[in-house]
$ cat upload_32.cif   # mmCIF, C-alpha atoms and all ligand atoms
data_final
loop_
_atom_site.label_atom_id
_atom_site.label_comp_id
_atom_site.auth_asym_id
_atom_site.auth_seq_id
_atom_site.Cartn_x
_atom_site.Cartn_y
_atom_site.Cartn_z
CA MET A 425 134.84 89.66 98.48
CA THR A 426 136.08 93.18 97.75
CA THR A 427 139.71 93.07 96.71
CA ALA A 428 140.12 96.64 95.45
CA ARG A 429 139.44 100.01 97.04
CA TRP A 430 136.66 102.36 95.98
CA ASP A 431 138.19 104.45 93.20
CA ILE A 432 136.09 107.58 93.62
CA ASP A 433 138.13 109.56 91.09
CA ALA A 434 137.60 106.96 88.35
CA VAL A 435 133.92 106.70 89.25
CA ARG A 436 133.42 110.46 89.07
CA ALA A 437 135.33 110.76 85.81
CA ALA A 438 132.67 108.53 84.23
CA PHE A 439 130.02 111.24 84.84
CA PRO A 440 130.59 114.44 82.79
CA ALA A 441 127.99 116.39 84.80
CA LEU A 442 130.03 116.03 87.99
CA ALA A 443 132.77 118.26 86.59
CA LEU A 444 130.51 121.22 85.79
CA LEU A 445 131.04 124.53 87.55
CA ASP A 446 128.68 127.49 87.75
CA ASP A 447 130.54 130.76 88.36
CA GLY A 448 133.40 128.63 89.65
CA LYS A 449 131.15 126.76 92.08
CA PRO A 450 130.92 122.95 91.72
CA ARG A 451 127.50 121.36 91.53
CA LEU A 452 126.63 119.08 94.42
CA TYR A 453 124.05 116.56 93.23
CA LEU A 454 122.14 115.27 96.25
CA ASP A 455 118.97 114.82 94.21
CA ALA A 456 119.65 111.17 93.26
CA PRO A 457 116.50 109.70 94.86
CA GLY A 458 114.60 111.85 92.33
CA GLY A 459 116.93 110.91 89.46
CA SER A 460 120.63 110.09 89.28
CA GLN A 461 123.41 111.46 87.09
CA VAL A 462 124.35 109.57 83.95
CA PRO A 463 127.75 108.21 82.87
CA ALA A 464 128.99 109.11 79.39
CA ARG A 465 128.76 105.51 78.15
CA VAL A 466 124.96 105.59 78.55
CA VAL A 467 124.55 108.73 76.45
CA GLU A 468 127.09 107.57 73.87
CA ARG A 469 125.19 104.31 73.40
CA MET A 470 121.88 106.14 73.08
CA SER A 471 123.18 108.65 70.56
CA GLU A 472 124.83 105.84 68.56
CA VAL A 473 121.43 104.16 68.31
CA MET A 474 119.65 107.31 67.23
CA LEU A 475 122.31 108.73 64.92
CA LEU A 476 123.71 105.62 63.30
CA SER A 477 121.27 102.77 63.65
CA CYS A 478 117.70 103.94 64.01
CA ALA A 479 115.11 101.44 62.76
CA ASN A 480 112.18 99.36 63.90
CA GLU A 481 112.83 95.76 64.88
CA GLY A 482 112.28 92.52 63.00
CA GLY A 483 113.44 93.59 59.51
CA ALA A 484 115.83 91.97 57.06
CA PHE A 485 118.24 94.91 56.92
CA ARG A 486 121.20 95.80 59.05
CA THR A 487 119.89 98.66 61.20
CA SER A 488 116.74 96.71 62.03
CA GLN A 489 118.88 93.77 63.07
CA ASP A 490 120.78 96.17 65.32
CA SER A 491 117.45 96.97 67.01
CA ASP A 492 116.84 93.22 67.50
CA ARG A 493 120.25 92.98 69.17
CA ILE A 494 119.43 95.91 71.46
CA LEU A 495 116.19 94.24 72.57
CA ALA A 496 117.95 90.95 73.28
CA GLY A 497 120.92 92.58 75.04
CA ALA A 498 118.83 94.96 77.14
CA HIS A 499 116.54 92.16 78.33
CA ALA A 500 119.53 89.94 79.15
CA ALA A 501 121.22 92.80 81.05
CA ALA A 502 118.07 93.61 83.07
CA ALA A 503 117.70 89.90 83.85
CA ALA A 504 121.30 89.79 85.13
CA PHE A 505 120.61 92.95 87.15
CA LEU A 506 117.59 91.45 88.90
CA GLY A 507 118.58 87.77 89.05
CA ALA A 508 115.80 86.87 86.59
CA ARG A 509 115.51 85.26 83.15
CA PRO A 510 115.48 87.51 80.05
CA ASP A 511 111.97 86.31 79.15
CA GLU A 512 110.71 87.54 82.53
CA ILE A 513 111.63 91.18 81.78
CA VAL A 514 109.26 93.85 80.48
CA TYR A 515 110.47 97.33 79.54
CA GLY A 516 108.14 100.31 79.75
CA LEU A 517 108.01 104.07 80.01
CA ASN A 518 108.52 104.15 83.79
CA SER A 519 107.60 102.14 86.88
CA THR A 520 104.25 103.82 87.45
CA SER A 521 102.91 103.14 83.96
CA LEU A 522 104.12 99.52 84.13
CA ILE A 523 102.25 99.03 87.42
CA PHE A 524 99.12 100.64 85.95
CA HIS A 525 99.39 98.33 82.96
CA PHE A 526 99.78 95.16 85.02
CA SER A 527 97.16 96.22 87.57
CA ARG A 528 94.53 96.19 84.85
CA MET A 529 95.34 92.60 83.89
CA ILE A 530 95.71 91.36 87.47
CA ALA A 531 92.50 92.99 88.73
CA ARG A 532 90.48 91.01 86.18
CA GLU A 533 91.00 88.00 88.47
CA TRP A 534 89.47 89.73 91.53
CA GLN A 535 85.96 89.00 92.84
CA PRO A 536 83.76 90.90 95.31
CA GLY A 537 84.83 90.00 98.83
CA ASP A 538 88.48 89.75 97.83
CA GLU A 539 91.12 91.85 99.56
CA ILE A 540 94.48 93.40 98.72
CA VAL A 541 97.18 94.65 101.07
CA LEU A 542 98.94 97.97 100.40
CA THR A 543 101.33 99.87 102.64
CA ARG A 544 101.36 103.33 104.14
CA MET A 545 105.06 103.71 103.40
CA ASP A 546 105.20 103.25 99.64
CA HIS A 547 105.55 105.80 96.86
CA ASP A 548 102.07 106.16 95.37
CA GLY A 549 103.27 104.50 92.15
CA ASN A 550 102.78 101.14 93.90
CA VAL A 551 99.64 102.25 95.75
CA GLY A 552 97.49 104.49 93.53
CA PRO A 553 97.13 102.02 90.61
CA TRP A 554 95.96 99.32 93.05
CA VAL A 555 93.57 101.72 94.82
CA ILE A 556 91.92 102.51 91.47
CA ALA A 557 91.77 98.82 90.50
CA ALA A 558 90.26 97.94 93.90
CA GLU A 559 87.60 100.64 93.51
CA GLU A 560 86.75 99.41 90.02
CA ARG A 561 86.41 95.79 91.17
CA GLY A 562 84.66 96.65 94.46
CA ILE A 563 87.17 94.89 96.67
CA THR A 564 88.65 95.77 100.07
CA ILE A 565 92.02 97.42 100.72
CA ARG A 566 93.84 96.55 103.92
CA TRP A 567 96.76 98.70 105.03
CA LEU A 568 100.16 97.72 106.40
CA ASP A 569 101.27 100.58 108.67
CA PHE A 570 104.75 101.70 109.62
CA ASP A 571 106.06 102.52 113.07
CA PRO A 572 106.68 106.31 113.24
CA GLU A 573 109.52 105.75 115.74
CA THR A 574 111.53 103.17 113.78
CA PHE A 575 110.22 104.01 110.27
CA GLU A 576 109.85 100.28 109.64
CA TYR A 577 106.79 98.31 108.58
CA ARG A 578 104.73 96.91 111.44
CA TYR A 579 105.45 93.32 110.48
CA GLU A 580 103.44 92.05 113.44
CA MET A 581 100.30 93.12 111.53
CA LEU A 582 100.95 90.67 108.68
CA ASP A 583 99.22 87.67 110.28
CA GLU A 584 96.08 89.67 110.79
CA LEU A 585 96.17 91.46 107.39
CA ILE A 586 96.90 88.55 105.07
CA GLY A 587 94.33 85.77 104.81
CA PRO A 588 92.47 83.46 102.43
CA ARG A 589 90.77 86.40 100.62
CA THR A 590 94.05 88.26 99.97
CA ARG A 591 94.67 88.44 96.21
CA LEU A 592 97.62 90.83 96.08
CA VAL A 593 100.27 92.28 98.38
CA ALA A 594 102.24 95.34 97.20
CA CYS A 595 105.26 96.53 99.16
CA ASN A 596 108.43 98.55 98.91
CA HIS A 597 112.05 97.37 99.01
CA ALA A 598 113.43 100.77 100.07
CA SER A 599 111.41 103.82 101.06
CA ASN A 600 111.88 106.94 98.94
CA ILE A 601 111.20 109.17 101.95
CA PHE A 602 112.66 107.37 105.00
CA GLY A 603 115.38 105.38 103.27
CA THR A 604 114.30 102.25 105.18
CA VAL A 605 115.29 98.94 103.59
CA ASN A 606 112.34 96.65 104.16
CA ASP A 607 112.27 92.91 104.77
CA VAL A 608 110.35 92.20 101.58
CA SER A 609 111.12 88.46 101.66
CA ARG A 610 109.16 88.22 104.89
CA ILE A 611 106.14 90.00 103.43
CA VAL A 612 106.31 88.00 100.18
CA ALA A 613 106.51 84.71 102.11
CA ALA A 614 103.37 85.61 104.09
CA ALA A 615 101.55 86.51 100.86
CA ARG A 616 102.67 83.40 98.99
CA ALA A 617 101.42 81.20 101.84
CA VAL A 618 97.87 82.22 100.88
CA GLY A 619 98.48 82.27 97.11
CA ALA A 620 98.40 86.08 96.77
CA VAL A 621 100.24 87.83 93.92
CA THR A 622 103.19 89.89 95.17
CA ILE A 623 104.72 93.04 93.74
CA VAL A 624 107.84 94.71 95.10
CA ASP A 625 108.78 98.30 94.26
CA ALA A 626 112.58 98.31 94.00
CA VAL A 627 112.90 101.79 92.47
CA GLN A 628 114.92 103.15 95.41
CA SER A 629 116.88 100.00 96.23
CA ALA A 630 118.10 99.28 92.68
CA PRO A 631 120.78 102.06 92.67
CA HIS A 632 122.25 100.80 95.96
CA LEU A 633 121.66 97.07 96.57
CA PRO A 634 121.96 93.87 94.55
CA ILE A 635 118.46 92.56 93.83
CA ASP A 636 117.65 88.87 93.55
CA VAL A 637 114.05 88.21 92.60
CA THR A 638 114.48 84.49 93.26
CA ALA A 639 115.68 85.11 96.81
CA ILE A 640 112.85 87.59 97.40
CA GLY A 641 110.37 85.13 95.88
CA CYS A 642 108.08 87.81 94.42
CA ASP A 643 105.86 87.51 91.33
CA MET A 644 106.66 91.04 90.15
CA LEU A 645 109.35 93.61 90.89
CA VAL A 646 109.74 97.00 89.33
CA CYS A 647 112.56 99.54 89.03
CA SER A 648 113.39 102.67 87.02
CA ALA A 649 116.62 103.05 85.04
CA TYR A 650 116.81 106.81 85.60
CA LYS A 651 117.38 106.16 89.31
CA PHE A 652 120.31 103.84 88.59
CA PHE A 653 122.34 106.02 86.21
CA GLY A 654 120.36 105.25 83.08
CA PRO A 655 117.77 106.98 80.92
CA HIS A 656 114.05 107.36 81.58
CA ALA A 657 112.71 103.80 81.36
CA GLY A 658 110.94 101.34 83.64
CA ILE A 659 111.68 97.63 84.06
CA MET A 660 109.23 95.05 85.34
CA PHE A 661 110.22 91.53 86.33
CA VAL A 662 107.24 89.22 85.98
CA ALA A 663 107.69 85.58 86.99
CA ALA A 664 107.06 83.11 84.16
CA ASP A 665 103.90 81.52 85.57
CA LEU A 666 102.17 84.87 86.22
CA ARG A 667 103.44 86.23 82.88
CA ASP A 668 101.77 83.33 81.04
CA ARG A 669 98.60 83.35 83.15
CA LEU A 670 97.83 87.02 82.49
CA SER A 671 95.86 87.56 79.34
CA PRO A 672 97.90 90.30 77.60
CA LEU A 673 96.54 93.79 76.91
CA LYS A 674 97.67 93.86 73.32
CA VAL A 675 96.55 94.89 69.87
CA ARG A 676 95.31 91.94 67.80
CA PRO A 677 98.23 91.44 65.39
CA ALA A 678 100.88 91.72 68.14
CA SER A 679 102.82 88.67 69.28
CA THR A 680 101.96 86.86 72.50
CA ASP A 681 105.60 85.83 72.90
CA MET A 682 108.12 87.66 75.06
CA PRO A 683 109.45 90.33 74.98
CA TRP A 684 106.32 91.65 73.19
CA ARG A 685 103.60 89.88 75.19
CA HIS A 686 103.21 92.57 77.87
CA ALA A 687 104.93 95.49 76.08
CA PRO A 688 102.41 97.05 73.71
CA GLY A 689 103.56 99.33 70.90
CA THR A 690 107.03 100.13 69.61
CA PRO A 691 109.63 100.13 72.39
CA SER A 692 112.21 102.84 72.99
CA PHE A 693 115.27 101.10 71.56
CA GLU A 694 117.42 104.04 72.64
CA ALA A 695 116.19 103.82 76.25
CA GLN A 696 116.80 100.08 76.30
CA ALA A 697 120.31 100.59 74.89
CA GLY A 698 120.95 103.25 77.55
CA THR A 699 119.62 101.02 80.34
CA TRP A 700 121.86 98.20 79.16
CA ALA A 701 124.82 100.62 79.31
CA ALA A 702 123.80 101.77 82.82
CA ILE A 703 123.86 98.15 83.98
CA GLU A 704 127.28 97.77 82.35
CA HIS A 705 128.40 100.83 84.33
CA ILE A 706 127.45 99.01 87.54
CA ALA A 707 129.28 95.88 86.31
CA TRP A 708 132.30 98.07 85.57
CA LEU A 709 132.26 99.16 89.24
CA GLY A 710 132.73 95.48 90.03
CA GLU A 711 135.82 95.51 87.85
CA ILE A 712 137.50 98.71 89.04
CA CYS A 713 136.36 98.69 92.68
CA ALA A 714 136.03 94.98 93.48
CA GLY A 715 138.72 93.32 91.39
CA LYS A 716 136.45 91.36 89.02
CA THR A 717 137.79 90.71 85.54
CA ALA A 718 135.91 91.92 82.48
CA GLN A 719 135.44 88.23 81.55
CA ALA A 720 133.50 87.42 84.74
CA PRO A 721 129.77 86.84 84.18
CA LEU A 722 127.70 90.03 84.05
CA ARG A 723 125.65 89.15 87.17
CA GLU A 724 128.83 88.47 89.16
CA ARG A 725 130.31 91.86 88.20
CA ILE A 726 127.02 93.68 88.96
CA VAL A 727 126.73 92.13 92.43
CA ALA A 728 130.42 92.83 93.18
CA GLY A 729 130.02 96.44 92.03
CA LEU A 730 126.97 97.02 94.20
CA GLU A 731 128.53 95.28 97.20
CA ALA A 732 131.55 97.56 96.90
CA ALA A 733 129.19 100.54 96.59
CA ILE A 734 127.36 99.44 99.77
CA THR A 735 130.63 99.60 101.72
CA TYR A 736 131.53 102.99 100.28
CA GLU A 737 128.05 104.45 100.78
CA ALA A 738 127.95 103.10 104.36
CA GLY A 739 130.97 105.29 105.11
CA LEU A 740 129.18 108.32 103.67
CA MET A 741 125.99 107.52 105.60
CA ASP A 742 127.91 107.12 108.84
CA ARG A 743 129.50 110.53 108.37
CA PHE A 744 126.17 112.13 107.48
CA LEU A 745 124.38 110.62 110.48
CA ALA A 746 127.20 111.35 112.93
CA ASN A 747 127.06 115.04 112.07
CA ALA A 748 123.41 115.60 111.15
CA THR A 749 122.12 114.18 114.44
CA GLY A 750 124.19 116.82 116.27
CA ILE A 751 122.55 119.78 114.47
CA ALA A 752 120.16 121.52 116.89
CA GLY A 753 116.57 121.67 115.64
CA LEU A 754 117.07 119.01 112.94
CA THR A 755 114.55 116.15 112.90
CA LEU A 756 115.45 113.21 110.72
CA TYR A 757 112.62 111.05 109.34
CA GLY A 758 114.31 107.67 109.12
CA THR A 759 116.52 105.45 111.20
CA THR A 760 119.47 107.32 112.73
CA SER A 761 121.26 104.22 113.99
CA ARG A 762 124.89 104.10 112.90
CA ASN A 763 125.02 100.44 113.95
CA ARG A 764 122.38 99.47 111.42
CA LEU A 765 123.52 101.09 108.21
CA ASP A 766 122.35 98.01 106.30
CA ALA A 767 118.79 98.91 107.36
CA ARG A 768 118.73 101.99 105.12
CA VAL A 769 119.79 103.45 101.81
CA PRO A 770 121.54 106.86 101.84
CA THR A 771 118.35 108.92 101.49
CA PHE A 772 117.91 111.45 104.28
CA SER A 773 114.67 113.33 104.88
CA PHE A 774 114.60 116.01 107.54
CA ARG A 775 113.03 119.19 108.81
CA LEU A 776 114.59 122.13 110.64
CA ALA A 777 112.79 123.81 113.52
CA ARG A 778 112.66 127.29 112.02
CA ARG A 779 112.89 126.74 108.25
CA SER A 780 110.38 125.24 105.87
CA PRO A 781 111.62 122.38 103.66
CA GLN A 782 111.15 124.67 100.64
CA GLU A 783 113.32 127.34 102.26
CA ILE A 784 115.98 124.73 103.04
CA VAL A 785 116.29 123.46 99.48
CA ALA A 786 116.14 126.98 98.01
CA THR A 787 118.99 128.10 100.29
CA LEU A 788 121.01 125.01 99.40
CA ALA A 789 120.28 125.53 95.68
CA ALA A 790 121.68 129.07 95.96
CA GLN A 791 124.94 127.40 97.06
CA ASN A 792 124.74 124.97 94.14
CA ILE A 793 123.66 122.08 96.38
CA TYR A 794 120.78 120.18 94.80
CA GLY A 795 118.07 118.53 96.89
CA TRP A 796 114.31 118.15 96.93
CA SER A 797 111.48 119.18 99.22
CA GLY A 798 107.93 117.84 99.46
CA ASP A 799 106.47 114.39 99.99
CA PHE A 800 107.84 112.80 96.79
CA TYR A 801 104.52 110.97 96.27
CA ALA A 802 105.00 109.06 99.53
CA HIS A 803 101.41 110.12 99.91
CA GLU A 804 100.22 107.85 102.73
CA ALA A 805 103.45 108.24 104.70
CA SER A 806 103.42 112.04 104.62
CA GLY A 807 99.71 112.01 105.54
CA GLN A 808 100.32 109.63 108.41
CA LEU A 809 103.05 111.88 109.84
CA GLY A 810 100.94 115.02 109.41
CA LEU A 811 103.52 116.47 106.99
CA ARG A 812 101.54 116.53 103.77
CA ASP A 813 100.09 119.99 104.34
CA LYS A 814 103.23 121.38 105.98
CA GLY A 815 105.57 121.22 103.02
CA GLY A 816 106.73 117.66 103.69
CA VAL A 817 110.44 117.31 104.30
CA ALA A 818 113.76 118.28 102.73
CA ARG A 819 115.46 115.28 101.13
CA LEU A 820 119.12 114.73 100.29
CA GLY A 821 120.35 111.52 98.71
CA LEU A 822 123.92 110.28 98.52
CA SER A 823 125.18 108.11 95.71
CA HIS A 824 128.21 106.02 94.76
CA TYR A 825 129.59 109.17 93.07
CA THR A 826 129.23 111.41 96.16
CA THR A 827 132.47 112.35 97.97
CA VAL A 828 133.13 112.70 101.69
CA ALA A 829 133.95 116.37 101.08
CA GLU A 830 130.55 116.85 99.47
CA VAL A 831 128.81 115.29 102.49
CA ASP A 832 130.71 117.73 104.71
CA ARG A 833 129.83 120.68 102.46
CA ALA A 834 126.13 119.82 102.64
CA LEU A 835 126.23 119.35 106.40
CA GLU A 836 127.98 122.69 106.91
CA ALA A 837 125.30 124.41 104.84
CA ILE A 838 122.50 122.73 106.82
CA ALA A 839 124.17 123.58 110.13
CA ALA A 840 124.46 127.22 109.08
CA LEU A 841 120.78 127.27 108.15
CA ALA A 842 119.77 125.69 111.45
CA ALA A 843 121.82 128.13 113.53
C1 LIG B 901 109.96 104.20 95.47
C2 LIG B 901 109.45 104.72 94.17
N1 LIG B 901 108.54 104.02 93.50
C3 LIG B 901 108.05 104.44 92.31
C4 LIG B 901 108.48 105.61 91.74
C5 LIG B 901 107.93 106.04 90.44
O1 LIG B 901 108.84 105.74 89.44
P1 LIG B 901 108.59 106.23 87.93
O2 LIG B 901 108.90 107.68 87.91
O3 LIG B 901 109.57 105.41 87.13
O4 LIG B 901 107.20 105.94 87.59
C6 LIG B 901 109.43 106.40 92.41
C7 LIG B 901 109.88 107.67 91.85
O5 LIG B 901 110.47 108.47 92.50
C8 LIG B 901 109.93 105.93 93.65
O6 LIG B 901 110.84 106.62 94.33
#
$ encode --input "upload_32.cif" --output "structure tokens"
Amino acid sequence: MTTARWDIDAVRAAFPALALLDDGKPRLYLDAPGGSQVPARVVERMSEVMLLSCANEGGAFRTSQDSDRILAGAHAAAAAFLGARPDEIVYGLNSTSLIFHFSRMIAREWQPGDEIVLTRMDHDGNVGPWVIAAEERGITIRWLDFDPETFEYRYEMLDELIGPRTRLVACNHASNIFGTVNDVSRIVAAARAVGAVTIVDAVQSAPHLPIDVTAIGCDMLVCSAYKFFGPHAGIMFVAADLRDRLSPLKVRPASTDMPWRHAPGTPSFEAQAGTWAAIEHIAWLGEICAGKTAQAPLRERIVAGLEAAITYEAGLMDRFLANATGIAGLTLYGTTSRNRLDARVPTFSFRLARRSPQEIVATLAAQNIYGWSGDFYAHEASGQLGLRDKGGVARLGLSHYTTVAEVDRALEAIAALAA
């Protein structure tokens, strides 16, 4: 239960970039779905590693032992973040390369006549690697559609899509274009019933929602630290039985034990240290905004921090939706219901009747308001909506460091553009 109020000033003070001015104009970062801002503690930890304790792991000397401690701490922190065990965590360059890496091992198990289920909503990072693997193995792809009115998966298709030949089901926890939060437990349960491997893309949910891989029941789940206030790094949860079943893609002398088994080459100790610090930032939110003590277990503080952030971000979303839906000529691609704020993350994609998405973000950028235009690699979704060749959409994303005044400033700028 939240016992403290959201301390937006303390939260913002943690992020040096939020205080920057350009010609006296504050920067308004609404680009978080593409990459979030970073608290000082993350950068301090990373520079400490590189300046004061830079060594490979596994040695007898002090700086190497520091690297061992970073590996252990970063895996334990990611495990607490996802509700997993430390030996079920794999760090990599980013989510896409981790999925490519695992797809190669998983596809070895596929036989002609097998099928996999992909969705038309996902970022291509959890689609493209499986499409390539399916082509290489000569197996069939079946597609889970979304409803273009509700921007939700068409769950009623699951019975017909998933069957005895299904070997893998890949789906998305939160859409990077619509903001929809998907019922991944439902999809995973349907896949597990036929023994299919399941992979959930949690890249866009991880900055906003507590994730519990045990509750979801998935075999794999992936997220990217640079979306949740950390450095550029990817994290893959892989459940112990699948982890052990997969024959690792490794060089011959490398260990088959975790954390090395599925992480070829020398890891980025600095990125792992920074990711650990980003997770500690979220735990700190649980202390300052939800009344947890610093002695409470890491998982408990993380969940409390994110639950407090959900409440705060719901207020921002409500304000955004209340005003954006009144702007003439604005079409929002995502649920607009203010009664179902738990059905979305604060990512808003829209078009204006007489402005291209590129024109929208360029005009906003001229006012020091940062957003993105395009399809953001939601390749199937933008194709399905006929937007891929029309410049896609403009996308603004709110974060736990966004203020109400910033939401209003963005809305005023959009309203002026629409007029
Ligand atoms: C939902 C989703 N999945 C996957 C990715 C790819 O992540 P990465 O850049 O870590 O490969 C992104 C990036 O924006 C994303 O939004």
$ closest_residue --input "upload_32.cif" --among "A:Asn596, A:Glu704, A:His547, A:Ala748" --to "A:Val727" --atoms "all atoms listed in the file"
A:Glu704
$ closest_atom_pairs --input "upload_32.cif" --of "chain A" --to "ligand LIG 901 (chain B)" --cutoff "9 Å" --atoms "all atoms listed in the file" --output "CSV"
residue,atom,partner,partner_atom,distance
A:Pro457,CA,B:LIG901,O6,6.5
A:Gly458,CA,B:LIG901,O5,5.3
A:Gly459,CA,B:LIG901,O5,7.5
A:Leu517,CA,B:LIG901,O3,7.4
A:Asn518,CA,B:LIG901,O3,3.7
A:Ser519,CA,B:LIG901,O3,3.8
A:Thr520,CA,B:LIG901,O4,3.6
A:Ser521,CA,B:LIG901,O4,6.3
A:Leu522,CA,B:LIG901,O4,7.9
A:Ile523,CA,B:LIG901,O4,8.5
A:Asp546,CA,B:LIG901,C1,6.4
A:His547,CA,B:LIG901,N1,4.8
A:Asp548,CA,B:LIG901,C3,6.9
A:Gly549,CA,B:LIG901,C3,4.8
A:Asn550,CA,B:LIG901,C3,6.4
A:Asn596,CA,B:LIG901,C1,6.8
A:His597,CA,B:LIG901,C1,8.0
A:Ala598,CA,B:LIG901,C1,6.7
A:Ser599,CA,B:LIG901,C1,5.8
A:Asn600,CA,B:LIG901,O6,4.7
A:Ile601,CA,B:LIG901,O6,8.0
A:Asp625,CA,B:LIG901,N1,5.8
A:Ala626,CA,B:LIG901,C1,6.6
A:Val627,CA,B:LIG901,C2,4.8
A:Gln628,CA,B:LIG901,C1,5.1
A:Ser629,CA,B:LIG901,C1,8.1
A:Val646,CA,B:LIG901,C3,8.2
A:Cys647,CA,B:LIG901,O3,6.9
A:Ser648,CA,B:LIG901,O3,4.7
A:Ala649,CA,B:LIG901,O3,7.7
A:Tyr650,CA,B:LIG901,O3,7.5
A:Lys651,CA,B:LIG901,O5,8.0
A:His656,CA,B:LIG901,O3,7.4
A:Ala657,CA,B:LIG901,O3,6.8
A:Gly658,CA,B:LIG901,O3,5.5
A:Ile659,CA,B:LIG901,O3,8.6
A:Phe800,CA,B:LIG901,O5,6.6
A:Tyr801,CA,B:LIG901,O5,7.5
A:Ala802,CA,B:LIG901,C1,8.0
$ residues_around --input "upload_32.cif" --residues "A:Pro781" --least-positions-apart "2" --cutoff "10 Å" --atoms "all atoms listed in the file" --output "list in words"
Ser773, Phe774, Arg775, Leu776, Arg778, Arg779, Glu783, Ile784, Val785, Ala786, Thr787, Trp796, Ser797, Gly798, Lys814, Gly815, Gly816, Val817, Ala818 and Arg819 of chain A
$ write_last_selection --input "upload_32.cif" --atoms "C-alpha atoms" --output "short mmCIF file (atom, residue, chain, number, x, y, z; two decimals), in the frame of the given file"
data_model
loop_
_atom_site.label_atom_id
_atom_site.label_comp_id
_atom_site.auth_asym_id
_atom_site.auth_seq_id
_atom_site.Cartn_x
_atom_site.Cartn_y
_atom_site.Cartn_z
CA SER A 773 114.67 113.33 104.88
CA PHE A 774 114.60 116.01 107.54
CA ARG A 775 113.03 119.19 108.81
CA LEU A 776 114.59 122.13 110.64
CA ARG A 778 112.66 127.29 112.02
CA ARG A 779 112.89 126.74 108.25
CA GLU A 783 113.32 127.34 102.26
CA ILE A 784 115.98 124.73 103.04
CA VAL A 785 116.29 123.46 99.48
CA ALA A 786 116.14 126.98 98.01
CA THR A 787 118.99 128.10 100.29
CA TRP A 796 114.31 118.15 96.93
CA SER A 797 111.48 119.18 99.22
CA GLY A 798 107.93 117.84 99.46
CA LYS A 814 103.23 121.38 105.98
CA GLY A 815 105.57 121.22 103.02
CA GLY A 816 106.73 117.66 103.69
CA VAL A 817 110.44 117.31 104.30
CA ALA A 818 113.76 118.28 102.73
CA ARG A 819 115.46 115.28 101.13
#
$ residues_around --input "upload_32.cif" --residues "A:Pro440" --least-positions-apart "6" --cutoff "12 Å" --atoms "all atoms listed in the file" --output "list in words"
Ala434, Arg451, Gln461, Val462, Pro463, Ala464, Arg465, Val466, Val467, Glu468 and Tyr825 of chain A
$ residues_around --input "upload_32.cif" --residues "A:Tyr579" --least-positions-apart "2" --cutoff "12 Å" --atoms "all atoms listed in the file" --output "ChimeraX atom specification"
/A:543,567-571,575-577,581-586,595,606-612,614
$ write_last_selection --input "upload_32.cif" --atoms "C-alpha atoms" --output "mmCIF file, in the frame of the given file"
data_model
loop_
_atom_site.group_PDB
_atom_site.id
_atom_site.type_symbol
_atom_site.label_atom_id
_atom_site.label_comp_id
_atom_site.auth_asym_id
_atom_site.auth_seq_id
_atom_site.Cartn_x
_atom_site.Cartn_y
_atom_site.Cartn_z
ATOM 1 C CA THR A 543 101.330 99.870 102.640
ATOM 2 C CA TRP A 567 96.760 98.700 105.030
ATOM 3 C CA LEU A 568 100.160 97.720 106.400
ATOM 4 C CA ASP A 569 101.270 100.580 108.670
ATOM 5 C CA PHE A 570 104.750 101.700 109.620
ATOM 6 C CA ASP A 571 106.060 102.520 113.070
ATOM 7 C CA PHE A 575 110.220 104.010 110.270
ATOM 8 C CA GLU A 576 109.850 100.280 109.640
ATOM 9 C CA TYR A 577 106.790 98.310 108.580
ATOM 10 C CA MET A 581 100.300 93.120 111.530
ATOM 11 C CA LEU A 582 100.950 90.670 108.680
ATOM 12 C CA ASP A 583 99.220 87.670 110.280
ATOM 13 C CA GLU A 584 96.080 89.670 110.790
ATOM 14 C CA LEU A 585 96.170 91.460 107.390
ATOM 15 C CA ILE A 586 96.900 88.550 105.070
ATOM 16 C CA CYS A 595 105.260 96.530 99.160
ATOM 17 C CA ASN A 606 112.340 96.650 104.160
ATOM 18 C CA ASP A 607 112.270 92.910 104.770
ATOM 19 C CA VAL A 608 110.350 92.200 101.580
ATOM 20 C CA SER A 609 111.120 88.460 101.660
ATOM 21 C CA ARG A 610 109.160 88.220 104.890
ATOM 22 C CA ILE A 611 106.140 90.000 103.430
ATOM 23 C CA VAL A 612 106.310 88.000 100.180
ATOM 24 C CA ALA A 614 103.370 85.610 104.090
#
$ residues_around --input "upload_32.cif" --residues "A:Ser527" --least-positions-apart "5" --cutoff "8 Å" --atoms "only C-alpha atoms" --output "PDB file with C-alpha atoms, keeping the file's coordinate frame"
ATOM      1  CA  PRO A 553      97.130 102.020  90.610  1.00  0.00           C
ATOM      2  CA  TRP A 554      95.960  99.320  93.050  1.00  0.00           C
ATOM      3  CA  ALA A 557      91.770  98.820  90.500  1.00  0.00           C
TER       4      ALA A 557
END
